[in-house]
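input08.txt (compact mmCIF, N, CA and C atoms) appears below.
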```
# COMPACT_ATOMS: atom_id res chain seq x y z
N MET Z 1499 0.84 -1.17 0.00
CA MET Z 1499 0.00 0.00 0.00
C MET Z 1499 0.88 1.23 0.00
N ALA Z 1500 0.66 2.14 -0.87
CA ALA Z 1500 1.43 3.37 -0.96
C ALA Z 1500 0.70 4.47 -0.21
N ILE Z 1501 1.44 5.21 0.60
CA ILE Z 1501 0.88 6.31 1.35
C ILE Z 1501 1.68 7.55 1.02
N ASP Z 1502 1.00 8.61 0.63
CA ASP Z 1502 1.67 9.86 0.32
C ASP Z 1502 1.79 10.68 1.59
N SER Z 1503 3.00 10.78 2.11
CA SER Z 1503 3.23 11.51 3.34
C SER Z 1503 4.64 12.06 3.35
N ASN Z 1504 4.82 13.19 4.01
CA ASN Z 1504 6.16 13.74 4.14
C ASN Z 1504 6.77 13.36 5.49
N ARG Z 1505 6.13 12.46 6.21
CA ARG Z 1505 6.61 11.98 7.49
C ARG Z 1505 7.08 10.54 7.37
N PHE Z 1506 8.08 10.20 8.18
CA PHE Z 1506 8.55 8.83 8.26
C PHE Z 1506 7.87 8.22 9.49
N VAL Z 1507 6.84 7.39 9.26
CA VAL Z 1507 6.03 6.84 10.34
C VAL Z 1507 6.19 5.32 10.40
N ILE Z 1508 6.52 4.83 11.59
CA ILE Z 1508 6.60 3.39 11.86
C ILE Z 1508 5.31 2.99 12.54
N ASN Z 1509 4.67 1.95 12.04
CA ASN Z 1509 3.41 1.45 12.61
C ASN Z 1509 3.68 0.24 13.48
N LYS Z 1510 3.31 0.35 14.77
CA LYS Z 1510 3.50 -0.76 15.70
C LYS Z 1510 2.47 -1.85 15.44
N GLY Z 1511 2.81 -3.07 15.82
CA GLY Z 1511 1.89 -4.19 15.71
C GLY Z 1511 1.99 -4.95 14.40
N THR Z 1512 2.86 -4.52 13.52
CA THR Z 1512 3.05 -5.20 12.24
C THR Z 1512 4.47 -4.94 11.74
N SER Z 1513 4.94 -5.78 10.86
CA SER Z 1513 6.24 -5.52 10.24
C SER Z 1513 6.11 -4.34 9.29
N ASN Z 1514 7.17 -3.57 9.17
CA ASN Z 1514 7.17 -2.38 8.32
C ASN Z 1514 8.24 -2.53 7.25
N GLU Z 1515 7.93 -2.09 6.04
CA GLU Z 1515 8.90 -2.08 4.94
C GLU Z 1515 8.94 -0.68 4.35
N PHE Z 1516 10.17 -0.19 4.13
CA PHE Z 1516 10.37 1.13 3.55
C PHE Z 1516 11.36 1.03 2.41
N ILE Z 1517 11.08 1.71 1.32
CA ILE Z 1517 12.01 1.78 0.19
C ILE Z 1517 12.59 3.19 0.20
N ILE Z 1518 13.92 3.26 0.31
CA ILE Z 1518 14.63 4.54 0.36
C ILE Z 1518 15.49 4.65 -0.89
N LYS Z 1519 15.44 5.81 -1.54
CA LYS Z 1519 16.27 6.05 -2.73
C LYS Z 1519 17.53 6.80 -2.31
N ILE Z 1520 18.68 6.24 -2.65
CA ILE Z 1520 19.97 6.86 -2.39
C ILE Z 1520 20.34 7.67 -3.65
N LYS Z 1521 20.60 8.95 -3.46
CA LYS Z 1521 20.86 9.82 -4.61
C LYS Z 1521 22.34 10.14 -4.74
N GLN Z 1522 22.74 10.46 -5.96
CA GLN Z 1522 24.13 10.84 -6.24
C GLN Z 1522 24.47 12.12 -5.49
N ASN Z 1523 25.71 12.24 -5.11
CA ASN Z 1523 26.17 13.41 -4.40
C ASN Z 1523 25.98 14.66 -5.26
N GLY Z 1524 25.26 15.67 -4.71
CA GLY Z 1524 25.05 16.92 -5.42
C GLY Z 1524 24.06 16.83 -6.57
N SER Z 1525 23.20 15.81 -6.57
CA SER Z 1525 22.27 15.61 -7.68
C SER Z 1525 20.94 15.07 -7.16
N THR Z 1526 19.93 15.15 -8.00
CA THR Z 1526 18.64 14.54 -7.67
C THR Z 1526 18.49 13.17 -8.33
N MET Z 1527 19.50 12.76 -9.06
CA MET Z 1527 19.48 11.47 -9.75
C MET Z 1527 19.87 10.35 -8.79
N PRO Z 1528 19.26 9.16 -8.96
CA PRO Z 1528 19.62 8.05 -8.08
C PRO Z 1528 21.05 7.57 -8.34
N MET Z 1529 21.69 7.08 -7.30
CA MET Z 1529 23.04 6.54 -7.40
C MET Z 1529 22.93 5.03 -7.65
N GLU Z 1530 23.56 4.54 -8.69
CA GLU Z 1530 23.53 3.11 -8.95
C GLU Z 1530 24.30 2.39 -7.84
N ILE Z 1531 23.68 1.36 -7.29
CA ILE Z 1531 24.27 0.60 -6.19
C ILE Z 1531 25.03 -0.59 -6.77
N SER Z 1532 26.27 -0.78 -6.31
CA SER Z 1532 27.06 -1.92 -6.77
C SER Z 1532 26.95 -3.07 -5.76
N SER Z 1533 27.43 -4.23 -6.17
CA SER Z 1533 27.31 -5.43 -5.32
C SER Z 1533 28.15 -5.36 -4.05
N THR Z 1534 29.13 -4.46 -4.00
CA THR Z 1534 29.97 -4.33 -2.81
C THR Z 1534 29.48 -3.27 -1.83
N ASP Z 1535 28.45 -2.51 -2.19
CA ASP Z 1535 27.93 -1.45 -1.32
C ASP Z 1535 27.23 -2.05 -0.10
N THR Z 1536 27.38 -1.37 1.03
CA THR Z 1536 26.73 -1.83 2.27
C THR Z 1536 25.98 -0.67 2.91
N PHE Z 1537 24.91 -1.02 3.62
CA PHE Z 1537 24.06 -0.04 4.28
C PHE Z 1537 23.65 -0.58 5.65
N SER Z 1538 23.63 0.29 6.64
CA SER Z 1538 23.10 -0.07 7.95
C SER Z 1538 22.22 1.08 8.44
N VAL Z 1539 21.22 0.73 9.23
CA VAL Z 1539 20.24 1.70 9.70
C VAL Z 1539 20.23 1.68 11.22
N LYS Z 1540 20.24 2.87 11.82
CA LYS Z 1540 20.23 3.00 13.27
C LYS Z 1540 19.15 3.99 13.68
N PHE Z 1541 18.43 3.65 14.75
CA PHE Z 1541 17.40 4.53 15.30
C PHE Z 1541 17.85 4.99 16.68
N TYR Z 1542 17.87 6.31 16.87
CA TYR Z 1542 18.27 6.91 18.14
C TYR Z 1542 17.07 7.59 18.79
N ASN Z 1543 16.88 7.38 20.08
CA ASN Z 1543 15.83 8.03 20.84
C ASN Z 1543 16.15 9.52 20.92
N LEU Z 1544 15.19 10.38 20.56
CA LEU Z 1544 15.42 11.82 20.56
C LEU Z 1544 15.64 12.37 21.97
N GLU Z 1545 14.96 11.79 22.95
CA GLU Z 1545 15.06 12.29 24.31
C GLU Z 1545 16.35 11.86 25.00
N THR Z 1546 16.68 10.57 24.90
CA THR Z 1546 17.84 10.04 25.63
C THR Z 1546 19.11 10.04 24.81
N LYS Z 1547 18.99 10.20 23.50
CA LYS Z 1547 20.12 10.15 22.55
C LYS Z 1547 20.74 8.76 22.46
N GLU Z 1548 20.10 7.76 23.05
CA GLU Z 1548 20.60 6.39 23.06
C GLU Z 1548 20.21 5.66 21.78
N LEU Z 1549 21.10 4.76 21.33
CA LEU Z 1549 20.80 3.89 20.20
C LEU Z 1549 19.75 2.87 20.64
N GLU Z 1550 18.62 2.82 19.94
CA GLU Z 1550 17.53 1.93 20.31
C GLU Z 1550 17.45 0.68 19.42
N LEU Z 1551 17.80 0.85 18.14
CA LEU Z 1551 17.65 -0.26 17.20
C LEU Z 1551 18.67 -0.08 16.08
N SER Z 1552 19.31 -1.18 15.71
CA SER Z 1552 20.30 -1.16 14.64
C SER Z 1552 20.10 -2.40 13.77
N ILE Z 1553 20.00 -2.18 12.46
CA ILE Z 1553 19.89 -3.30 11.52
C ILE Z 1553 20.84 -3.06 10.36
N ASP Z 1554 21.25 -4.15 9.73
CA ASP Z 1554 22.17 -4.02 8.59
C ASP Z 1554 21.80 -5.05 7.53
N MET Z 1555 22.74 -5.36 6.67
CA MET Z 1555 22.46 -6.22 5.52
C MET Z 1555 22.52 -7.71 5.84
N THR Z 1556 22.80 -8.06 7.09
CA THR Z 1556 22.73 -9.46 7.49
C THR Z 1556 21.35 -9.69 8.08
N SER Z 1557 20.77 -10.82 7.78
CA SER Z 1557 19.43 -11.12 8.27
C SER Z 1557 19.46 -11.31 9.78
N GLY Z 1558 18.54 -10.66 10.48
CA GLY Z 1558 18.47 -10.78 11.92
C GLY Z 1558 17.03 -10.76 12.39
N SER Z 1559 16.85 -10.94 13.69
CA SER Z 1559 15.49 -10.99 14.23
C SER Z 1559 14.83 -9.62 14.25
N ASP Z 1560 15.63 -8.54 14.21
CA ASP Z 1560 15.08 -7.19 14.22
C ASP Z 1560 14.65 -6.71 12.85
N GLY Z 1561 15.26 -7.23 11.80
CA GLY Z 1561 14.96 -6.81 10.44
C GLY Z 1561 16.17 -6.93 9.56
N GLN Z 1562 16.10 -6.27 8.40
CA GLN Z 1562 17.20 -6.37 7.44
C GLN Z 1562 17.15 -5.20 6.47
N VAL Z 1563 18.33 -4.83 5.99
CA VAL Z 1563 18.47 -3.86 4.90
C VAL Z 1563 18.94 -4.63 3.68
N SER Z 1564 18.33 -4.40 2.54
CA SER Z 1564 18.75 -5.09 1.32
C SER Z 1564 18.61 -4.14 0.13
N VAL Z 1565 19.25 -4.50 -0.96
CA VAL Z 1565 19.13 -3.71 -2.18
C VAL Z 1565 17.82 -4.09 -2.85
N TYR Z 1566 16.98 -3.10 -3.12
CA TYR Z 1566 15.69 -3.33 -3.74
C TYR Z 1566 15.78 -3.18 -5.25
N ASN Z 1567 16.42 -2.11 -5.72
CA ASN Z 1567 16.60 -1.85 -7.14
C ASN Z 1567 17.94 -1.13 -7.31
N ALA Z 1568 18.97 -1.89 -7.66
CA ALA Z 1568 20.33 -1.35 -7.72
C ALA Z 1568 20.45 -0.22 -8.73
N TYR Z 1569 19.87 -0.37 -9.90
CA TYR Z 1569 19.99 0.64 -10.96
C TYR Z 1569 19.37 1.98 -10.53
N ASN Z 1570 18.25 1.92 -9.81
CA ASN Z 1570 17.56 3.13 -9.37
C ASN Z 1570 17.97 3.56 -7.96
N GLY Z 1571 19.01 2.96 -7.39
CA GLY Z 1571 19.54 3.37 -6.10
C GLY Z 1571 18.62 3.15 -4.93
N GLN Z 1572 17.81 2.11 -4.97
CA GLN Z 1572 16.82 1.90 -3.91
C GLN Z 1572 17.23 0.76 -2.98
N ILE Z 1573 17.08 1.05 -1.67
CA ILE Z 1573 17.29 0.00 -0.67
C ILE Z 1573 15.96 -0.26 0.04
N LEU Z 1574 15.81 -1.48 0.53
CA LEU Z 1574 14.61 -1.89 1.25
C LEU Z 1574 14.99 -2.07 2.71
N ILE Z 1575 14.26 -1.40 3.59
CA ILE Z 1575 14.45 -1.53 5.02
C ILE Z 1575 13.24 -2.27 5.57
N VAL Z 1576 13.49 -3.41 6.21
CA VAL Z 1576 12.43 -4.21 6.82
C VAL Z 1576 12.63 -4.17 8.33
N LEU Z 1577 11.59 -3.73 9.05
CA LEU Z 1577 11.61 -3.72 10.51
C LEU Z 1577 10.57 -4.73 10.99
N ASN Z 1578 11.03 -5.78 11.66
CA ASN Z 1578 10.12 -6.81 12.16
C ASN Z 1578 9.30 -6.28 13.33
N ASP Z 1579 8.07 -6.77 13.46
CA ASP Z 1579 7.17 -6.28 14.51
C ASP Z 1579 7.74 -6.46 15.91
N SER Z 1580 8.52 -7.52 16.13
CA SER Z 1580 9.12 -7.74 17.45
C SER Z 1580 10.17 -6.68 17.78
N ALA Z 1581 10.84 -6.16 16.77
CA ALA Z 1581 11.87 -5.14 16.98
C ALA Z 1581 11.27 -3.78 17.33
N ILE Z 1582 10.10 -3.49 16.81
CA ILE Z 1582 9.51 -2.17 17.06
C ILE Z 1582 8.47 -2.18 18.17
N ALA Z 1583 8.24 -3.35 18.76
CA ALA Z 1583 7.24 -3.46 19.83
C ALA Z 1583 7.55 -2.57 21.01
N ASP Z 1584 8.81 -2.36 21.32
CA ASP Z 1584 9.20 -1.55 22.47
C ASP Z 1584 9.50 -0.09 22.12
N MET Z 1585 9.33 0.28 20.86
CA MET Z 1585 9.58 1.67 20.48
C MET Z 1585 8.50 2.57 21.09
N VAL Z 1586 8.91 3.77 21.45
CA VAL Z 1586 8.04 4.71 22.15
C VAL Z 1586 7.22 5.51 21.15
N SER Z 1587 5.92 5.60 21.42
CA SER Z 1587 5.03 6.44 20.64
C SER Z 1587 4.57 7.58 21.53
N GLU Z 1588 4.51 8.78 20.97
CA GLU Z 1588 4.11 9.95 21.76
C GLU Z 1588 3.10 10.77 20.98
N ARG Z 1589 2.11 11.29 21.70
CA ARG Z 1589 1.07 12.10 21.08
C ARG Z 1589 0.92 13.42 21.83
N GLY Z 1590 0.40 14.42 21.13
CA GLY Z 1590 0.12 15.71 21.73
C GLY Z 1590 -1.14 15.64 22.58
N ASP Z 1591 -1.52 16.76 23.16
CA ASP Z 1591 -2.69 16.84 24.03
C ASP Z 1591 -4.00 16.76 23.24
N LYS Z 1592 -5.08 16.49 23.98
CA LYS Z 1592 -6.40 16.40 23.37
C LYS Z 1592 -6.77 17.69 22.64
N VAL Z 1593 -6.44 18.83 23.26
CA VAL Z 1593 -6.76 20.12 22.67
C VAL Z 1593 -6.07 20.28 21.31
N ASP Z 1594 -4.96 19.59 21.10
CA ASP Z 1594 -4.23 19.65 19.84
C ASP Z 1594 -4.54 18.47 18.93
N LYS Z 1595 -5.61 17.75 19.22
CA LYS Z 1595 -6.11 16.63 18.41
C LYS Z 1595 -5.16 15.43 18.38
N TYR Z 1596 -4.40 15.23 19.47
CA TYR Z 1596 -3.55 14.05 19.64
C TYR Z 1596 -2.58 13.82 18.48
N TYR Z 1597 -1.97 14.88 17.98
CA TYR Z 1597 -1.03 14.74 16.87
C TYR Z 1597 0.17 13.89 17.29
N LEU Z 1598 0.78 13.20 16.32
CA LEU Z 1598 1.97 12.40 16.61
C LEU Z 1598 3.17 13.30 16.82
N LYS Z 1599 4.01 12.92 17.79
CA LYS Z 1599 5.27 13.62 18.03
C LYS Z 1599 6.41 12.71 17.59
N PRO Z 1600 7.46 13.26 17.00
CA PRO Z 1600 8.60 12.42 16.65
C PRO Z 1600 9.32 11.95 17.91
N THR Z 1601 9.75 10.69 17.91
CA THR Z 1601 10.44 10.15 19.09
C THR Z 1601 11.81 9.58 18.75
N TYR Z 1602 12.13 9.48 17.47
CA TYR Z 1602 13.41 8.90 17.05
C TYR Z 1602 13.99 9.70 15.89
N ARG Z 1603 15.26 9.49 15.66
CA ARG Z 1603 15.91 9.95 14.43
C ARG Z 1603 16.57 8.73 13.82
N MET Z 1604 16.66 8.69 12.50
CA MET Z 1604 17.20 7.54 11.80
C MET Z 1604 18.47 7.96 11.06
N ILE Z 1605 19.50 7.14 11.20
CA ILE Z 1605 20.77 7.35 10.52
C ILE Z 1605 21.00 6.16 9.60
N ILE Z 1606 21.31 6.41 8.33
CA ILE Z 1606 21.67 5.35 7.38
C ILE Z 1606 23.15 5.52 7.06
N ASP Z 1607 23.95 4.58 7.53
CA ASP Z 1607 25.38 4.58 7.22
C ASP Z 1607 25.58 3.86 5.89
N CYS Z 1608 26.19 4.54 4.93
CA CYS Z 1608 26.35 4.01 3.58
C CYS Z 1608 27.83 3.90 3.24
N SER Z 1609 28.21 2.78 2.68
CA SER Z 1609 29.56 2.58 2.16
C SER Z 1609 29.40 2.13 0.72
N THR Z 1610 29.74 3.03 -0.22
CA THR Z 1610 29.46 2.77 -1.63
C THR Z 1610 30.70 2.92 -2.50
N ALA Z 1611 30.71 2.22 -3.60
CA ALA Z 1611 31.80 2.32 -4.56
C ALA Z 1611 31.74 3.65 -5.31
N ASN Z 1612 30.53 4.13 -5.60
CA ASN Z 1612 30.36 5.36 -6.39
C ASN Z 1612 30.52 6.65 -5.60
N ASN Z 1613 30.24 6.62 -4.29
CA ASN Z 1613 30.23 7.86 -3.51
C ASN Z 1613 31.01 7.75 -2.20
N GLY Z 1614 31.70 6.65 -1.97
CA GLY Z 1614 32.47 6.48 -0.74
C GLY Z 1614 31.58 6.27 0.47
N ASN Z 1615 32.09 6.63 1.65
CA ASN Z 1615 31.33 6.49 2.89
C ASN Z 1615 30.60 7.79 3.18
N PHE Z 1616 29.31 7.69 3.52
CA PHE Z 1616 28.53 8.86 3.88
C PHE Z 1616 27.36 8.45 4.75
N THR Z 1617 26.72 9.43 5.34
CA THR Z 1617 25.59 9.19 6.23
C THR Z 1617 24.38 9.96 5.73
N ALA Z 1618 23.23 9.28 5.70
CA ALA Z 1618 21.96 9.93 5.38
C ALA Z 1618 21.15 9.99 6.68
N LYS Z 1619 20.41 11.09 6.87
CA LYS Z 1619 19.69 11.28 8.13
C LYS Z 1619 18.23 11.60 7.88
N ILE Z 1620 17.39 11.03 8.71
CA ILE Z 1620 15.99 11.43 8.81
C ILE Z 1620 15.82 11.85 10.26
N ASN Z 1621 15.67 13.14 10.49
CA ASN Z 1621 15.72 13.69 11.85
C ASN Z 1621 14.46 13.47 12.66
N SER Z 1622 13.33 13.22 12.01
CA SER Z 1622 12.07 13.03 12.73
C SER Z 1622 11.41 11.74 12.29
N VAL Z 1623 11.41 10.76 13.19
CA VAL Z 1623 10.75 9.49 12.94
C VAL Z 1623 9.60 9.36 13.95
N TYR Z 1624 8.42 9.08 13.45
CA TYR Z 1624 7.22 8.98 14.27
C TYR Z 1624 6.87 7.51 14.45
N VAL Z 1625 6.32 7.15 15.61
CA VAL Z 1625 5.86 5.79 15.87
C VAL Z 1625 4.38 5.87 16.19
N GLN Z 1626 3.59 5.12 15.45
CA GLN Z 1626 2.14 5.12 15.62
C GLN Z 1626 1.69 3.79 16.17
N GLU Z 1627 0.85 3.84 17.20
CA GLU Z 1627 0.33 2.61 17.81
C GLU Z 1627 -0.89 2.13 17.07
```

The structure in this file should be written as structure tokens.
Amino acid sequence: MAIDSNRFVINKGTSNEFIIKIKQNGSTMPMEISSTDTFSVKFYNLETKELELSIDMTSGSDGQVSVYNAYNGQILIVLNDSAIADMVSERGDKVDKYYLKPTYRMIIDCSTANNGNFTAKINSVYVQE
């Protein structure tokens, strides 16, 4: 199911899959991913600054990062429901219609043949119950 949103929202109670496009440095064009490229994803709690969840390209119980479409620079991030069960969800007050508050930031560590080592960041990650 495709959802048009400018927010990165994790839904609790189910496994989540996200397709992220890695772009060429200084361009809006996708970076072609080679077979030697590696990616890892880390979620940090905004309040405590502690690392809460880390997944990489090896299959694990928390999830996995894999290449979805190498030519179009797309990676697939899978977060298993057991890994996100303990993630914190926060909402605003009733007067503000219980809006979601961001509780995490996401860091994608990339090691690529075409662009070297770099980090991509999503500063506001929301968790919905």

Can you list, as an MDAnalysis selection string, every residue of chain Z that DSSP puts in helix (DSSP H, G or I)? chainID Z and resid 1579:1582 1592:1594

Name the residues in contact with range 1565-1572 of chain Z at a cut-off of 6 Å, using only N, CA and C atoms, excluding same-chain residues fewer than 3 positions from it; report them as a list in words.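 The residues that qualify are Ile1518, Lys1519, Ile1520, Pro1528, Met1529, Glu1530 and Ile1531 of chain Z.
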
Keeping N, CA and C atoms for every residue in the selection just given, could you write it to a file as a tab-separated table (two decimals), keeping the file's coordinate frame?
```
chain	number	residue	atom	x	y	z
Z	1518	ILE	N	13.92	3.26	0.31
Z	1518	ILE	CA	14.63	4.54	0.36
Z	1518	ILE	C	15.49	4.65	-0.89
Z	1519	LYS	N	15.44	5.81	-1.54
Z	1519	LYS	CA	16.27	6.05	-2.73
Z	1519	LYS	C	17.53	6.80	-2.31
Z	1520	ILE	N	18.68	6.24	-2.65
Z	1520	ILE	CA	19.97	6.86	-2.39
Z	1520	ILE	C	20.34	7.67	-3.65
Z	1528	PRO	N	19.26	9.16	-8.96
Z	1528	PRO	CA	19.62	8.05	-8.08
Z	1528	PRO	C	21.05	7.57	-8.34
Z	1529	MET	N	21.69	7.08	-7.30
Z	1529	MET	CA	23.04	6.54	-7.40
Z	1529	MET	C	22.93	5.03	-7.65
Z	1530	GLU	N	23.56	4.54	-8.69
Z	1530	GLU	CA	23.53	3.11	-8.95
Z	1530	GLU	C	24.30	2.39	-7.84
Z	1531	ILE	N	23.68	1.36	-7.29
Z	1531	ILE	CA	24.27	0.60	-6.19
Z	1531	ILE	C	25.03	-0.59	-6.77
```

Grab the CA of Asp1607 in chain Z to CA of Ile1508 in chain Z distance for me, in Å with one decimal place.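 Separation of CA of Asp1607 in chain Z and CA of Ile1508 in chain Z: 19.4 Å.
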
Residues within 8 Å of Thr1512 in chain Z, all atoms listed in the file, excluding chain neighbours under 2 positions, as a list in words: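 Result of the neighbour search: Ile1508, Asn1509, Lys1510, Asn1514, Glu1515, Leu1577, Asn1578, Asp1579, Ser1580, Ile1582 and Ala1583 of chain Z.
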
Skip Cys1608 in chain Z itself and residues of its chain fewer than 6 positions away, then list as a list in words all residues within 12 Å of it, counting only C-alpha atoms.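 Returned residues: Ile1520, Lys1521, Met1529, Ile1531, Ser1532, Thr1534, Asp1535, Thr1536, Phe1537, Ser1538, Val1539, Lys1540, Asp1554, Met1555, Val1563, Gly1571, Ile1573, Gly1614, Asn1615, Phe1616, Thr1617, Ala1618 and Lys1619 of chain Z.
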
Please identify which residues in chain Z DSSP calls strand (DSSP E or B) from the backbone, and express them as a ChimeraX atom specification. /Z:1506-1509,1514-1519,1521,1528,1536-1543,1549-1553,1561-1567,1572-1577,1588-1589,1598-1610,1614-1626

Which polymer residues have any atom within 9 Å of an atom of Val1576 in chain Z, counting only C-alpha atoms, with same-chain residues fewer than 3 positions away left out, as a ChimeraX atom specification? /Z:1513-1517,1553,1560-1564

Atom pair CA of Glu1545 in chain Z / CA of Asp1591 in chain Z: separation (Å): 18.3 Å

What does the distance from CA of Asn1504 in chain Z to CA of Leu1551 in chain Z come to in Å, to one decimal? 22.3 Å
